[in-house]
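Undergrad: Can you keep this structure in mind? I'll have questions shortly.
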Amino acid sequence: MDRLPSVIAIACTLFFAQSLWPQTELVPRDSLIADVRELVNLIERVHPDPYILGGGKVAFHRRLHHTLRSIPDSGMTLQDFYWHLQPLVNGVGDGHTFLQNTFWRYDPDAADGIPFWFSVTADKQFFVSGVTHERYRSYLGAALVSVQGHSLADLVEMTRILMPCQNDYDALWKLNAMLFEMDLIHHLIPELHQSDSLEFVFTTPGGERAAMEFSFSEKRHKPMIRPEKARLDLPSTGESDFVYSFLDDAKKTAFLRIDNQEAFREIIEYAISTGFDSETIVNFARPMYERVNSGPVPQDLDSIMAGIPSITHVFKSLVAEMAEAGTKHLIVDLSRNNGGQSVLSQVLVYFLYGKETLEKLYTESYTIDKYSDVYFSIFQQYDFEEICRGFTEKYGYPLQKNDFNFSGEDGWLQMKMKQLPSDSLSRRLELELMPFATFYEEYGKKDNSYYTPERVLVLCSERTYSAGFGTLADLYKCGAEIVGVPSGQSGNCFGNAPYVTLSRTGLSGFVATNYIVMFADDEESGRVLMPHFPLTYETWREYGFDPGALYRYAVDLIEN
């Protein structure tokens, strides 16, 4: 979704939060208060509107007041301080503004923790999709009713306080992690510190109510036991996050899998164009090369780039094969795609629907930027004075630091009222695509050989996020049909978040810098984009809670 996530990706690769205090040592209260103030100052300076989703400015500062006054005189450990800040930060209600938890690493094979793994349904149910011991097999498919007396709805609200969440589907996905790990579940349900067991209540697939008590002394077994899985011949993403295959010999149904949007040649080209030094770029590109190629990594950047897959080449090849075979159906799997660089969506739309459709799509969303000092210190490829000159020429007054730039919204309104020349739009899009050299060369050709199958189905889940959601939304606007569970990402949201670090404790995170509007005329879709074919609990049950139910459902929709 963000237009500059490659900058963030490189920053995250190079910088990791360095704790300035031993984890067991108490940080003095004065230092903690100073970091709370610094964090709030960052949020209010950088974020376009940290109040709108959290009850307003007074509510935000009420949470600040509670956070400050409840810091003990004796101070806190860094880990306790991290959790202490969660209600304040997550009260912003923005999935791209959050603090990183550097004290915990997800370990699916950990021996301690509850024996259940859950999956989310389109009708907001939460069922057991995996168990860690044979004796719990009978609970597979059972829908969660409550934990330790807390209803599912209450658990979702409690998760929103402790985790950055955009909508209920985002909260349900994060609730899964909160329940699975013992450290996290004790933060979710603090009274468990006084107990050595945990009570679950379920509704079985047959509609019966079932309660069970789990002892914390019990150790988890591995591997995870799941329902029987039908054999599916789908392409592997071992070497690349974007791969395709055909599901039949006649090539009437194609399957394109995009698990991530962070690793492809065009991102390296973008990094070069924005002025990163060669050593930084080589370090960023090396893992991409090693994933695909055996042997030593070349010394020169050109050779490294030649060994990294290009989205332009892969999508162009897919379209050529589909056109030659007369492919009728395309399934695009975004169900594991948690984001990256949004240009992937533009390249895919170009080859599937054509240049004119891409230009039209370009008019259907916009961003509103807040130009804080942090914005320009992070995104150094933007020159504030240059932006000011163009802004003054257009509007007759200059921008100042901390102003909002509404030119994107104005352009959208002008296009809607047909007041903006099409050549102006084309030039703006061309400039945006120029840094992605491989695709830009293709985009400049007079002949846009695109191919659109009769039916395009896009698979999504609550984990389809950020730029992955942007690809989902773009294909939806082009006429594709969505199958699955709604995304945890909201279409109208805050994003483009630079990395920030608190100076006294070293806690780090991200703060959004702009407001992204993907559904300007549809507020409901802007909150939750509902699938045409939702994967409900009943649908899951029809497929025997098969982990591959989403794929089987999509194939059945095509065949039937």
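Scheme for the structure tokens: letters A, B, ... for chains in order shown; per-chain residue numbers from 1; ligand numbers from 1 in order shown.
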How close does region 280-352 of chain A get to region 222-244 of chain A? List, as CSV, each residue of region 280-352 of chain A within 12 Å, its nearest atom pair and the distance in Å to one decimal, counting only C-alpha atoms.

TA:
```
residue,atom,partner,partner_atom,distance
A:Pro287,CA,A:Glu239,CA,11.0
A:Met288,CA,A:Ser240,CA,8.6
A:Tyr289,CA,A:Glu239,CA,9.5
A:Glu290,CA,A:Glu239,CA,9.1
A:Arg291,CA,A:Glu239,CA,5.6
A:Val292,CA,A:Glu239,CA,5.0
A:Asn293,CA,A:Glu239,CA,8.6
A:Ser294,CA,A:Glu239,CA,11.1
A:Gly307,CA,A:Glu239,CA,11.4
A:Ile308,CA,A:Ser240,CA,8.9
A:Pro309,CA,A:Ser240,CA,7.2
A:Ser310,CA,A:Phe242,CA,9.4
A:Ile311,CA,A:Phe242,CA,7.6
A:Thr312,CA,A:Phe242,CA,11.0
A:His313,CA,A:Phe242,CA,11.1
A:Val314,CA,A:Val243,CA,7.6
A:Phe315,CA,A:Tyr244,CA,8.9
A:Lys316,CA,A:Tyr244,CA,11.5
A:Ser317,CA,A:Tyr244,CA,9.7
A:Leu318,CA,A:Tyr244,CA,7.2
A:Val319,CA,A:Tyr244,CA,10.6
A:Glu321,CA,A:Tyr244,CA,10.7
A:Met322,CA,A:Tyr244,CA,11.1
A:Leu330,CA,A:Tyr244,CA,10.0
A:Ile331,CA,A:Tyr244,CA,9.6
A:Val332,CA,A:Tyr244,CA,9.0
A:Asp333,CA,A:Phe242,CA,9.7
A:Leu334,CA,A:Phe242,CA,10.0
A:Arg336,CA,A:Asp241,CA,10.1
A:Asn337,CA,A:Asp241,CA,9.1
A:Asn338,CA,A:Asp241,CA,11.4
A:Gly339,CA,A:Asp241,CA,11.3
A:Gly340,CA,A:Asp241,CA,11.2
A:Leu344,CA,A:Phe242,CA,10.0
A:Ser345,CA,A:Phe242,CA,11.9
A:Leu348,CA,A:Phe242,CA,11.1
```

Undergrad: Considering only helix (DSSP H, G or I) as DSSP defines it on the backbone, what residues of region 376-466 of chain A qualify? List them as a PyMOL selection string.

TA: chain A and resi 376-378+384-395+407-416+422-433+437-443

Undergrad: Got time to write the residues from that selection, N, CA and C atoms, as a compact mmCIF listing (two decimals), in the first residue's frame?

TA:
```txt
# COMPACT_ATOMS: atom_id res chain seq x y z
N PHE A 376 10.91 14.31 6.42
CA PHE A 376 11.99 14.66 5.49
C PHE A 376 13.36 14.15 5.94
N SER A 377 13.51 13.87 7.23
CA SER A 377 14.77 13.29 7.68
C SER A 377 14.87 11.82 7.29
N ILE A 378 13.72 11.16 7.15
CA ILE A 378 13.70 9.75 6.75
C ILE A 378 13.66 9.61 5.23
N PHE A 384 11.84 19.39 0.33
CA PHE A 384 10.72 20.21 0.78
C PHE A 384 10.62 21.51 -0.01
N GLU A 385 11.76 22.12 -0.30
CA GLU A 385 11.74 23.38 -1.04
C GLU A 385 11.19 23.18 -2.45
N GLU A 386 11.54 22.08 -3.06
CA GLU A 386 11.03 21.79 -4.40
C GLU A 386 9.53 21.55 -4.37
N ILE A 387 9.07 20.81 -3.35
CA ILE A 387 7.63 20.59 -3.20
C ILE A 387 6.92 21.91 -2.99
N CYS A 388 7.52 22.79 -2.19
CA CYS A 388 6.92 24.10 -1.92
C CYS A 388 6.76 24.93 -3.19
N ARG A 389 7.79 24.90 -4.04
CA ARG A 389 7.71 25.69 -5.28
C ARG A 389 6.54 25.22 -6.14
N GLY A 390 6.43 23.91 -6.31
CA GLY A 390 5.32 23.41 -7.10
C GLY A 390 3.99 23.69 -6.46
N PHE A 391 3.92 23.59 -5.15
CA PHE A 391 2.68 23.84 -4.42
C PHE A 391 2.26 25.31 -4.55
N THR A 392 3.24 26.22 -4.41
CA THR A 392 2.95 27.65 -4.50
C THR A 392 2.46 28.03 -5.90
N GLU A 393 3.07 27.45 -6.91
CA GLU A 393 2.63 27.71 -8.28
C GLU A 393 1.19 27.26 -8.50
N LYS A 394 0.84 26.18 -7.86
CA LYS A 394 -0.50 25.61 -8.06
C LYS A 394 -1.57 26.31 -7.23
N TYR A 395 -1.22 26.66 -5.96
CA TYR A 395 -2.25 27.15 -5.03
C TYR A 395 -2.08 28.61 -4.64
N SER A 407 -2.96 17.96 -2.21
CA SER A 407 -2.99 17.96 -3.68
C SER A 407 -3.46 16.63 -4.24
N GLY A 408 -3.15 15.52 -3.54
CA GLY A 408 -3.64 14.22 -4.01
C GLY A 408 -5.14 14.14 -3.99
N GLU A 409 -5.74 14.62 -2.90
CA GLU A 409 -7.21 14.64 -2.80
C GLU A 409 -7.80 15.60 -3.83
N ASP A 410 -7.16 16.76 -4.02
CA ASP A 410 -7.65 17.70 -5.01
C ASP A 410 -7.61 17.11 -6.41
N GLY A 411 -6.52 16.39 -6.71
CA GLY A 411 -6.42 15.74 -8.02
C GLY A 411 -7.50 14.71 -8.21
N TRP A 412 -7.81 13.95 -7.15
CA TRP A 412 -8.88 12.95 -7.23
C TRP A 412 -10.22 13.64 -7.50
N LEU A 413 -10.49 14.75 -6.82
CA LEU A 413 -11.74 15.47 -7.04
C LEU A 413 -11.81 16.03 -8.46
N GLN A 414 -10.66 16.54 -8.94
CA GLN A 414 -10.64 17.07 -10.31
C GLN A 414 -10.89 15.98 -11.34
N MET A 415 -10.29 14.82 -11.12
CA MET A 415 -10.52 13.72 -12.05
C MET A 415 -11.97 13.26 -12.00
N LYS A 416 -12.53 13.24 -10.80
CA LYS A 416 -13.92 12.84 -10.64
C LYS A 416 -14.85 13.80 -11.39
N SER A 422 -6.00 14.45 -18.99
CA SER A 422 -5.51 13.07 -18.89
C SER A 422 -4.00 13.00 -19.08
N ASP A 423 -3.43 13.92 -19.89
CA ASP A 423 -1.99 13.87 -20.09
C ASP A 423 -1.24 14.24 -18.81
N SER A 424 -1.86 15.09 -17.95
CA SER A 424 -1.27 15.43 -16.67
C SER A 424 -1.21 14.20 -15.78
N LEU A 425 -2.29 13.43 -15.79
CA LEU A 425 -2.33 12.20 -15.00
C LEU A 425 -1.30 11.20 -15.51
N SER A 426 -1.22 11.03 -16.81
CA SER A 426 -0.29 10.07 -17.40
C SER A 426 1.15 10.42 -17.03
N ARG A 427 1.47 11.69 -17.06
CA ARG A 427 2.83 12.11 -16.76
C ARG A 427 3.15 11.85 -15.28
N ARG A 428 2.17 12.10 -14.40
CA ARG A 428 2.38 11.88 -12.98
C ARG A 428 2.64 10.40 -12.69
N LEU A 429 1.86 9.53 -13.31
CA LEU A 429 2.05 8.10 -13.13
C LEU A 429 3.40 7.65 -13.70
N GLU A 430 3.75 8.21 -14.85
CA GLU A 430 5.03 7.86 -15.49
C GLU A 430 6.20 8.21 -14.58
N LEU A 431 6.14 9.38 -13.94
CA LEU A 431 7.21 9.79 -13.03
C LEU A 431 7.30 8.85 -11.83
N GLU A 432 6.17 8.38 -11.37
CA GLU A 432 6.16 7.47 -10.23
C GLU A 432 6.78 6.12 -10.59
N LEU A 433 6.58 5.69 -11.83
CA LEU A 433 7.08 4.38 -12.26
C LEU A 433 8.53 4.43 -12.74
N ALA A 437 13.25 0.55 -13.19
CA ALA A 437 13.77 0.59 -14.56
C ALA A 437 13.27 -0.55 -15.45
N THR A 438 13.25 -1.77 -14.93
CA THR A 438 12.84 -2.91 -15.76
C THR A 438 11.40 -2.75 -16.22
N PHE A 439 10.53 -2.35 -15.32
CA PHE A 439 9.13 -2.16 -15.71
C PHE A 439 8.96 -0.89 -16.53
N TYR A 440 9.69 0.16 -16.19
CA TYR A 440 9.54 1.42 -16.92
C TYR A 440 9.88 1.25 -18.40
N GLU A 441 10.87 0.41 -18.69
CA GLU A 441 11.20 0.14 -20.09
C GLU A 441 10.02 -0.52 -20.80
N GLU A 442 9.35 -1.43 -20.11
CA GLU A 442 8.17 -2.09 -20.68
C GLU A 442 7.02 -1.10 -20.82
N TYR A 443 6.84 -0.27 -19.82
CA TYR A 443 5.74 0.69 -19.79
C TYR A 443 5.85 1.71 -20.92
```

Undergrad: As number ranges by chain, please: the residues near Arg552 (chain A) (cut-off 12 Å, only C-alpha atoms, same-chain neighbours under 4 positions excluded).

TA: A: 229-234, 247, 331, 459, 483-484, 535, 539-540, 542-548, 556-560

Undergrad: Put those residues in a file: C-alpha atoms, as an mmCIF file, in the first residue's frame.

TA:
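part04.cif written:
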```
data_model
loop_
_atom_site.group_PDB
_atom_site.id
_atom_site.type_symbol
_atom_site.label_atom_id
_atom_site.label_comp_id
_atom_site.auth_asym_id
_atom_site.auth_seq_id
_atom_site.Cartn_x
_atom_site.Cartn_y
_atom_site.Cartn_z
ATOM 1 C CA LYS A 229 -5.463 -32.153 3.813
ATOM 2 C CA ALA A 230 -6.480 -32.801 0.218
ATOM 3 C CA ARG A 231 -3.592 -32.994 -2.228
ATOM 4 C CA LEU A 232 -3.145 -29.701 -4.058
ATOM 5 C CA ASP A 233 -0.620 -29.227 -6.835
ATOM 6 C CA LEU A 234 0.273 -25.587 -6.223
ATOM 7 C CA LEU A 247 -3.883 -26.361 -12.839
ATOM 8 C CA ILE A 331 -6.630 -17.539 -9.422
ATOM 9 C CA LEU A 459 -7.780 -15.338 -2.573
ATOM 10 C CA VAL A 483 -12.701 -15.309 -2.173
ATOM 11 C CA GLY A 484 -11.827 -15.917 1.475
ATOM 12 C CA LEU A 535 -15.101 -18.379 3.656
ATOM 13 C CA THR A 539 -17.980 -23.320 4.359
ATOM 14 C CA TRP A 540 -14.973 -24.466 6.376
ATOM 15 C CA GLU A 542 -18.258 -28.350 4.359
ATOM 16 C CA TYR A 543 -14.592 -28.893 3.450
ATOM 17 C CA GLY A 544 -13.892 -30.786 6.672
ATOM 18 C CA PHE A 545 -11.782 -27.879 8.014
ATOM 19 C CA ASP A 546 -9.144 -28.843 5.450
ATOM 20 C CA PRO A 547 -6.200 -26.373 5.696
ATOM 21 C CA GLY A 548 -6.510 -26.071 1.905
ATOM 22 C CA ASP A 556 -15.025 -25.411 -7.040
ATOM 23 C CA LEU A 557 -16.340 -21.911 -7.791
ATOM 24 C CA ILE A 558 -14.652 -22.102 -11.187
ATOM 25 C CA GLU A 559 -15.714 -25.656 -11.988
ATOM 26 C CA ASN A 560 -19.308 -25.133 -10.890
#
```

Undergrad: Applying 12 Å and only C-alpha atoms, which residues near Gly491 (chain A) remain after dropping the ones on its own chain fewer than 3 positions away? List them as a tab-separated table (two decimals) with N, CA, C and O atoms, in the first residue's frame.

TA:
```
chain	number	residue	atom	x	y	z
A	1	MET	N	0.81	-1.19	0.00
A	1	MET	CA	0.00	0.00	0.00
A	1	MET	C	0.85	1.25	0.00
A	1	MET	O	0.59	2.21	-0.70
A	2	ASP	N	1.89	1.27	0.82
A	2	ASP	CA	2.73	2.46	0.90
A	2	ASP	C	3.52	2.63	-0.40
A	2	ASP	O	3.91	1.68	-1.03
A	94	ASP	N	-4.25	2.40	14.69
A	94	ASP	CA	-3.58	2.38	13.39
A	94	ASP	C	-2.59	1.21	13.36
A	94	ASP	O	-1.65	1.19	14.15
A	95	GLY	N	-2.80	0.27	12.46
A	95	GLY	CA	-1.94	-0.90	12.38
A	95	GLY	C	-0.52	-0.61	11.93
A	95	GLY	O	0.35	-1.48	12.04
A	166	GLN	N	-6.32	-2.87	12.98
A	166	GLN	CA	-7.07	-1.98	12.10
A	166	GLN	C	-8.56	-2.28	12.11
A	166	GLN	O	-9.38	-1.39	12.00
A	167	ASN	N	-8.92	-3.56	12.18
A	167	ASN	CA	-10.32	-3.94	12.22
A	167	ASN	C	-10.45	-5.26	12.98
A	167	ASN	O	-9.47	-5.80	13.50
A	364	GLU	N	-8.28	6.52	-8.62
A	364	GLU	CA	-9.31	6.07	-7.68
A	364	GLU	C	-8.83	5.99	-6.23
A	364	GLU	O	-9.56	5.51	-5.37
A	365	SER	N	-7.60	6.38	-5.98
A	365	SER	CA	-7.11	6.45	-4.60
A	365	SER	C	-6.14	7.62	-4.50
A	365	SER	O	-5.64	8.11	-5.51
A	366	TYR	N	-5.89	8.05	-3.29
A	366	TYR	CA	-4.96	9.17	-3.10
A	366	TYR	C	-4.43	9.13	-1.67
A	366	TYR	O	-4.92	8.39	-0.81
A	367	THR	N	-3.40	9.92	-1.42
A	367	THR	CA	-2.85	10.05	-0.07
A	367	THR	C	-2.80	11.52	0.33
A	367	THR	O	-2.72	12.41	-0.52
A	464	THR	N	-3.74	-10.86	4.70
A	464	THR	CA	-3.46	-10.07	3.49
A	464	THR	C	-3.39	-8.61	3.91
A	464	THR	O	-4.41	-7.99	4.23
A	465	TYR	N	-2.19	-8.04	3.90
A	465	TYR	CA	-1.99	-6.79	4.64
A	465	TYR	C	-1.15	-5.79	3.85
A	465	TYR	O	-0.41	-6.15	2.95
A	466	SER	N	-1.29	-4.51	4.22
A	466	SER	CA	-0.47	-3.42	3.70
A	466	SER	C	-0.45	-3.43	2.17
A	466	SER	O	-1.50	-3.38	1.53
A	467	ALA	N	0.74	-3.51	1.55
A	467	ALA	CA	0.80	-3.51	0.08
A	467	ALA	C	0.13	-4.74	-0.50
A	467	ALA	O	-0.34	-4.71	-1.64
A	468	GLY	N	0.09	-5.84	0.26
A	468	GLY	CA	-0.66	-7.02	-0.20
A	468	GLY	C	-2.13	-6.71	-0.33
A	468	GLY	O	-2.80	-7.13	-1.28
A	469	PHE	N	-2.64	-5.94	0.64
A	469	PHE	CA	-4.03	-5.50	0.54
A	469	PHE	C	-4.20	-4.53	-0.62
A	469	PHE	O	-5.25	-4.54	-1.29
A	470	GLY	N	-3.20	-3.68	-0.87
A	470	GLY	CA	-3.29	-2.76	-2.00
A	470	GLY	C	-3.46	-3.51	-3.31
A	470	GLY	O	-4.24	-3.11	-4.18
A	471	THR	N	-2.74	-4.63	-3.48
A	471	THR	CA	-2.90	-5.46	-4.68
A	471	THR	C	-4.30	-6.04	-4.73
A	471	THR	O	-4.95	-6.07	-5.79
A	472	LEU	N	-4.78	-6.52	-3.59
A	472	LEU	CA	-6.15	-7.05	-3.52
A	472	LEU	C	-7.17	-6.00	-3.93
A	472	LEU	O	-8.06	-6.27	-4.75
A	473	ALA	N	-7.05	-4.79	-3.38
A	473	ALA	CA	-8.00	-3.72	-3.68
A	473	ALA	C	-7.95	-3.31	-5.15
A	473	ALA	O	-8.99	-3.08	-5.78
A	474	ASP	N	-6.75	-3.24	-5.72
A	474	ASP	CA	-6.62	-2.87	-7.14
A	474	ASP	C	-7.29	-3.90	-8.05
A	474	ASP	O	-7.99	-3.55	-9.00
A	476	TYR	N	-9.64	-5.96	-7.22
A	476	TYR	CA	-11.08	-5.83	-6.94
A	476	TYR	C	-11.69	-4.71	-7.78
A	476	TYR	O	-12.76	-4.87	-8.40
A	486	PRO	N	-12.06	-11.64	5.05
A	486	PRO	CA	-11.68	-10.24	4.86
A	486	PRO	C	-10.31	-9.93	5.46
A	486	PRO	O	-9.91	-10.48	6.48
A	487	SER	N	-9.62	-9.02	4.81
A	487	SER	CA	-8.29	-8.61	5.26
A	487	SER	C	-8.37	-7.86	6.59
A	487	SER	O	-9.33	-7.14	6.87
A	488	GLY	N	-7.31	-8.01	7.39
A	488	GLY	CA	-7.18	-7.21	8.61
A	488	GLY	C	-6.77	-5.78	8.32
A	488	GLY	O	-6.72	-4.95	9.22
A	494	PHE	N	-3.96	4.81	7.73
A	494	PHE	CA	-2.72	5.55	7.81
A	494	PHE	C	-1.56	4.62	7.45
A	494	PHE	O	-1.60	3.43	7.73
A	495	GLY	N	-0.51	5.18	6.82
A	495	GLY	CA	0.59	4.33	6.41
A	495	GLY	C	1.86	5.10	6.15
A	495	GLY	O	2.04	6.23	6.60
A	515	TYR	N	-2.19	9.69	5.21
A	515	TYR	CA	-3.52	9.08	5.22
A	515	TYR	C	-3.78	8.55	3.82
A	515	TYR	O	-3.73	9.31	2.84
A	516	ILE	N	-4.03	7.26	3.72
A	516	ILE	CA	-4.24	6.60	2.43
A	516	ILE	C	-5.72	6.35	2.24
A	516	ILE	O	-6.37	5.75	3.12
A	517	VAL	N	-6.26	6.79	1.13
A	517	VAL	CA	-7.68	6.61	0.83
A	517	VAL	C	-7.81	5.77	-0.43
A	517	VAL	O	-7.53	6.24	-1.53
A	518	MET	N	-8.24	4.53	-0.27
A	518	MET	CA	-8.40	3.63	-1.41
A	518	MET	C	-9.86	3.51	-1.84
A	518	MET	O	-10.15	3.09	-2.95
A	519	PHE	N	-10.78	3.86	-0.93
A	519	PHE	CA	-12.20	3.78	-1.24
A	519	PHE	C	-12.86	5.09	-0.82
A	519	PHE	O	-13.57	5.16	0.18
A	520	ALA	N	-12.60	6.13	-1.61
A	520	ALA	CA	-13.08	7.47	-1.26
A	520	ALA	C	-14.60	7.56	-1.26
A	520	ALA	O	-15.18	8.33	-0.50
A	521	ASP	N	-15.26	6.79	-2.11
A	521	ASP	CA	-16.72	6.85	-2.22
A	521	ASP	C	-17.41	5.67	-1.55
A	521	ASP	O	-18.60	5.45	-1.75
A	522	ASP	N	-16.67	4.91	-0.77
A	522	ASP	CA	-17.25	3.71	-0.16
A	522	ASP	C	-16.63	3.51	1.22
A	522	ASP	O	-15.67	2.76	1.38
A	523	GLU	N	-17.19	4.18	2.23
A	523	GLU	CA	-16.63	4.12	3.57
A	523	GLU	C	-16.67	2.70	4.14
A	523	GLU	O	-15.77	2.30	4.87
A	524	GLU	N	-17.70	1.94	3.81
A	524	GLU	CA	-17.82	0.59	4.34
A	524	GLU	C	-16.68	-0.29	3.86
A	524	GLU	O	-16.03	-0.99	4.65
A	525	SER	N	-16.38	-0.24	2.55
A	525	SER	CA	-15.25	-1.00	2.03
A	525	SER	C	-13.93	-0.43	2.54
A	525	SER	O	-12.94	-1.14	2.64
A	526	GLY	N	-13.92	0.87	2.85
A	526	GLY	CA	-12.73	1.49	3.41
A	526	GLY	C	-12.38	0.95	4.78
A	526	GLY	O	-11.23	1.01	5.20
A	527	ARG	N	-13.39	0.43	5.50
A	527	ARG	CA	-13.13	-0.19	6.81
A	527	ARG	C	-12.83	-1.67	6.65
A	527	ARG	O	-11.84	-2.17	7.19
A	528	VAL	N	-13.71	-2.39	5.95
A	528	VAL	CA	-13.53	-3.83	5.72
A	528	VAL	C	-13.96	-4.14	4.29
A	528	VAL	O	-15.11	-3.86	3.92
A	529	LEU	N	-13.06	-4.71	3.50
A	529	LEU	CA	-13.39	-5.10	2.14
A	529	LEU	C	-13.92	-6.53	2.18
A	529	LEU	O	-13.15	-7.48	2.36
A	530	MET	N	-15.22	-6.68	2.01
A	530	MET	CA	-15.84	-8.00	2.13
A	530	MET	C	-15.68	-8.79	0.83
A	530	MET	O	-15.86	-8.27	-0.26
```

Undergrad: So that I can check the surroundings of Asp447 (chain A), please list as a list in words every protein, DNA and RNA residue that reaches within 12 Å of it, counting only C-alpha atoms and ignoring chain neighbours fewer than 5 positions away.

TA: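 These residues fall inside the cut-off: Tyr350, Phe351, Gly354, Lys355, Glu356, Glu441 and Glu442 of chain A.
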
Undergrad: Using the selection just defined, write its residues with all heavy atoms as a short mmCIF file (atom, residue, chain, number, x, y, z; two decimals), in the first residue's frame.

TA:
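Written out: selection33.cif:
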```cif
data_model
loop_
_atom_site.label_atom_id
_atom_site.label_comp_id
_atom_site.auth_asym_id
_atom_site.auth_seq_id
_atom_site.Cartn_x
_atom_site.Cartn_y
_atom_site.Cartn_z
N TYR A 350 -1.14 -3.73 -15.08
CA TYR A 350 -0.71 -3.37 -16.44
C TYR A 350 -0.78 -4.58 -17.37
O TYR A 350 -1.28 -4.49 -18.50
CB TYR A 350 0.71 -2.82 -16.38
CG TYR A 350 1.35 -2.50 -17.71
CD1 TYR A 350 1.13 -1.28 -18.34
CD2 TYR A 350 2.18 -3.43 -18.33
CE1 TYR A 350 1.72 -0.99 -19.57
CE2 TYR A 350 2.77 -3.15 -19.56
CZ TYR A 350 2.54 -1.93 -20.16
OH TYR A 350 3.13 -1.65 -21.38
N PHE A 351 -0.29 -5.73 -16.92
CA PHE A 351 -0.26 -6.91 -17.78
C PHE A 351 -1.60 -7.62 -17.85
O PHE A 351 -1.91 -8.26 -18.86
CB PHE A 351 0.83 -7.88 -17.31
CG PHE A 351 2.21 -7.45 -17.66
CD1 PHE A 351 3.12 -7.10 -16.68
CD2 PHE A 351 2.61 -7.37 -19.00
CE1 PHE A 351 4.41 -6.70 -17.01
CE2 PHE A 351 3.89 -6.96 -19.34
CZ PHE A 351 4.80 -6.62 -18.35
N GLY A 354 -4.24 -3.79 -18.75
CA GLY A 354 -3.82 -2.79 -19.73
C GLY A 354 -3.47 -1.44 -19.13
O GLY A 354 -3.82 -1.11 -17.99
N LYS A 355 -2.78 -0.66 -19.95
CA LYS A 355 -2.26 0.64 -19.52
C LYS A 355 -3.38 1.62 -19.19
O LYS A 355 -3.30 2.36 -18.21
CB LYS A 355 -1.36 1.20 -20.62
CG LYS A 355 -0.56 2.43 -20.23
CD LYS A 355 0.44 2.77 -21.33
CE LYS A 355 1.35 3.92 -20.95
NZ LYS A 355 2.38 4.19 -21.99
N GLU A 356 -4.43 1.63 -20.00
CA GLU A 356 -5.53 2.57 -19.76
C GLU A 356 -6.21 2.28 -18.43
O GLU A 356 -6.58 3.20 -17.70
CB GLU A 356 -6.54 2.51 -20.91
CG GLU A 356 -6.02 3.11 -22.21
CD GLU A 356 -7.10 3.16 -23.28
OE1 GLU A 356 -8.26 2.84 -22.97
OE2 GLU A 356 -6.78 3.52 -24.43
N GLU A 441 10.87 0.41 -18.69
CA GLU A 441 11.20 0.14 -20.09
C GLU A 441 10.02 -0.52 -20.80
O GLU A 441 9.71 -0.18 -21.94
CB GLU A 441 12.43 -0.78 -20.15
CG GLU A 441 12.87 -1.11 -21.57
CD GLU A 441 14.08 -2.04 -21.60
OE1 GLU A 441 14.64 -2.32 -20.52
OE2 GLU A 441 14.45 -2.47 -22.70
N GLU A 442 9.35 -1.43 -20.11
CA GLU A 442 8.17 -2.09 -20.68
C GLU A 442 7.02 -1.10 -20.82
O GLU A 442 6.30 -1.08 -21.82
CB GLU A 442 7.75 -3.26 -19.78
CG GLU A 442 6.61 -4.10 -20.30
CD GLU A 442 6.99 -4.96 -21.47
OE1 GLU A 442 8.16 -5.38 -21.55
OE2 GLU A 442 6.12 -5.18 -22.35
#
```
